[in-house]
Amino acid sequence: MKDKKKGAGEIPIGGMITEAGSSAKFKTGSWKAQRPIIDESKCINCLICVHYCPEDCIMTKDGKRGEIDLEYCKGCGICANQCPVKCIKMVPENEFENGK
Ligand code: SF4
Ligand code: SF4
């Protein structure tokens, strides 16, 4: 016998955030197929990558760009695309898995 389907009034509204601060629980880093690697010698600390990162995982320290929190970086490549001096390179994750 099939389960009775829920009615419109019983299912949650899509896209609704029911708990403040819950995004910290979802480690989107496991999604990534590529990892951003920054050439520190070319970075001009413009912070554009920080503002464009949809996961807010590029840290800042003392007004300068800091490390990327890879537990939340989903490898979208927006930072690399937006960097004005092109000092972020997206590297396939399997290169790290193979110990390269
Ligand atoms: S690849 Fe995407 S999620 Fe990762 S640091 Fe860059 S903009 Fe953020
Ligand atoms: S966008 Fe590029 S140059 Fe600007 S802070 Fe980020 S890595 Fe550095």
# chains A, B, ... in the order shown; residues from 1 in each chain; ligands from 1
>>> residues_near_ligand(ligand="ligand 2", cutoff="12 Å", atoms="only C-alpha atoms and all ligand atoms", output="PyMOL selection string")
chain A and resi 36-53+57-61+63-68+77-90
>>> select_by_dssp(residues="chain A", states="helix (DSSP H, G or I)", output="list in words")
Ser22, Ser23, Ala24, Lys25, Thr28, Gly29, Ser30, Trp31, Ile48, Cys49, Val50, His51, Tyr52, Ile78, Cys79, Ala80, Asn81, Gln82, Asn94, Glu95, Phe96 and Glu97 of chain A
>>> select_by_dssp(residues="chain A", states="strand (DSSP E)", output="PyMOL selection string")
chain A and resi 34-38+58-61+64-68+88-92
>>> atom_distance(atom1="CA of Arg35 (chain A)", atom2="CA of Asp62 (chain A)")
24.5 Å
>>> closest_residue(among="A:Gly14, A:Gly75, A:Gly29, A:Gly9", to="ligand 1", atoms="only C-alpha atoms and all ligand atoms")
A:Gly75
>>> closest_residue(among="A:Glu10, A:Asp3, A:Glu71, A:Glu19", to="ligand 1", atoms="only C-alpha atoms and all ligand atoms")
A:Glu71
>>> decode(residues="region 7-30 of chain A", atoms="N, CA and C atoms", output="short mmCIF file (atom, residue, chain, number, x, y, z; two decimals), in the first residue's frame")
data_model
loop_
_atom_site.label_atom_id
_atom_site.label_comp_id
_atom_site.auth_asym_id
_atom_site.auth_seq_id
_atom_site.Cartn_x
_atom_site.Cartn_y
_atom_site.Cartn_z
N GLY A 7 -0.25 16.90 2.05
CA GLY A 7 -0.97 17.98 1.38
C GLY A 7 -0.13 19.24 1.34
N ALA A 8 -0.57 20.24 0.57
CA ALA A 8 0.18 21.49 0.40
C ALA A 8 0.44 22.19 1.73
N GLY A 9 -0.46 22.09 2.65
CA GLY A 9 -0.30 22.76 3.94
C GLY A 9 0.63 22.04 4.89
N GLU A 10 1.05 20.83 4.52
CA GLU A 10 1.88 20.03 5.44
C GLU A 10 3.36 20.00 5.06
N ILE A 11 3.67 20.36 3.82
CA ILE A 11 5.07 20.31 3.40
C ILE A 11 5.73 21.68 3.63
N PRO A 12 7.06 21.68 3.97
CA PRO A 12 7.72 22.97 4.22
C PRO A 12 7.88 23.79 2.94
N ILE A 13 7.92 25.08 3.08
CA ILE A 13 8.09 25.97 1.93
C ILE A 13 9.54 25.84 1.45
N GLY A 14 9.72 25.66 0.16
CA GLY A 14 11.06 25.49 -0.39
C GLY A 14 11.94 26.70 -0.17
N GLY A 15 13.23 26.45 0.05
CA GLY A 15 14.20 27.53 0.18
C GLY A 15 14.09 28.31 1.46
N MET A 16 13.35 27.81 2.41
CA MET A 16 13.14 28.57 3.65
C MET A 16 14.25 28.24 4.65
N ILE A 17 14.87 29.25 5.22
CA ILE A 17 15.88 29.03 6.25
C ILE A 17 15.17 29.08 7.60
N THR A 18 15.14 27.94 8.26
CA THR A 18 14.35 27.84 9.49
C THR A 18 15.18 28.07 10.75
N GLU A 19 16.51 28.18 10.56
CA GLU A 19 17.35 28.35 11.75
C GLU A 19 18.48 29.32 11.42
N ALA A 20 18.61 30.39 12.19
CA ALA A 20 19.67 31.37 11.94
C ALA A 20 21.05 30.75 12.14
N GLY A 21 21.98 31.09 11.27
CA GLY A 21 23.36 30.60 11.42
C GLY A 21 23.56 29.16 11.03
N SER A 22 22.58 28.54 10.39
CA SER A 22 22.68 27.11 10.09
C SER A 22 23.66 26.80 8.96
N SER A 23 24.05 27.81 8.18
CA SER A 23 24.95 27.54 7.04
C SER A 23 26.30 26.99 7.50
N ALA A 24 26.71 27.33 8.72
CA ALA A 24 27.99 26.84 9.22
C ALA A 24 28.00 25.32 9.34
N LYS A 25 26.81 24.71 9.43
CA LYS A 25 26.73 23.24 9.57
C LYS A 25 26.98 22.53 8.25
N PHE A 26 26.80 23.24 7.15
CA PHE A 26 26.89 22.59 5.85
C PHE A 26 28.25 22.86 5.22
N LYS A 27 29.13 21.90 5.31
CA LYS A 27 30.49 22.08 4.83
C LYS A 27 30.52 21.82 3.33
N THR A 28 30.30 22.90 2.59
CA THR A 28 30.17 22.82 1.13
C THR A 28 31.50 22.48 0.45
N GLY A 29 32.57 22.41 1.22
CA GLY A 29 33.87 22.06 0.65
C GLY A 29 33.88 20.67 0.03
N SER A 30 32.98 19.81 0.49
CA SER A 30 32.96 18.44 -0.06
C SER A 30 32.42 18.40 -1.48
#
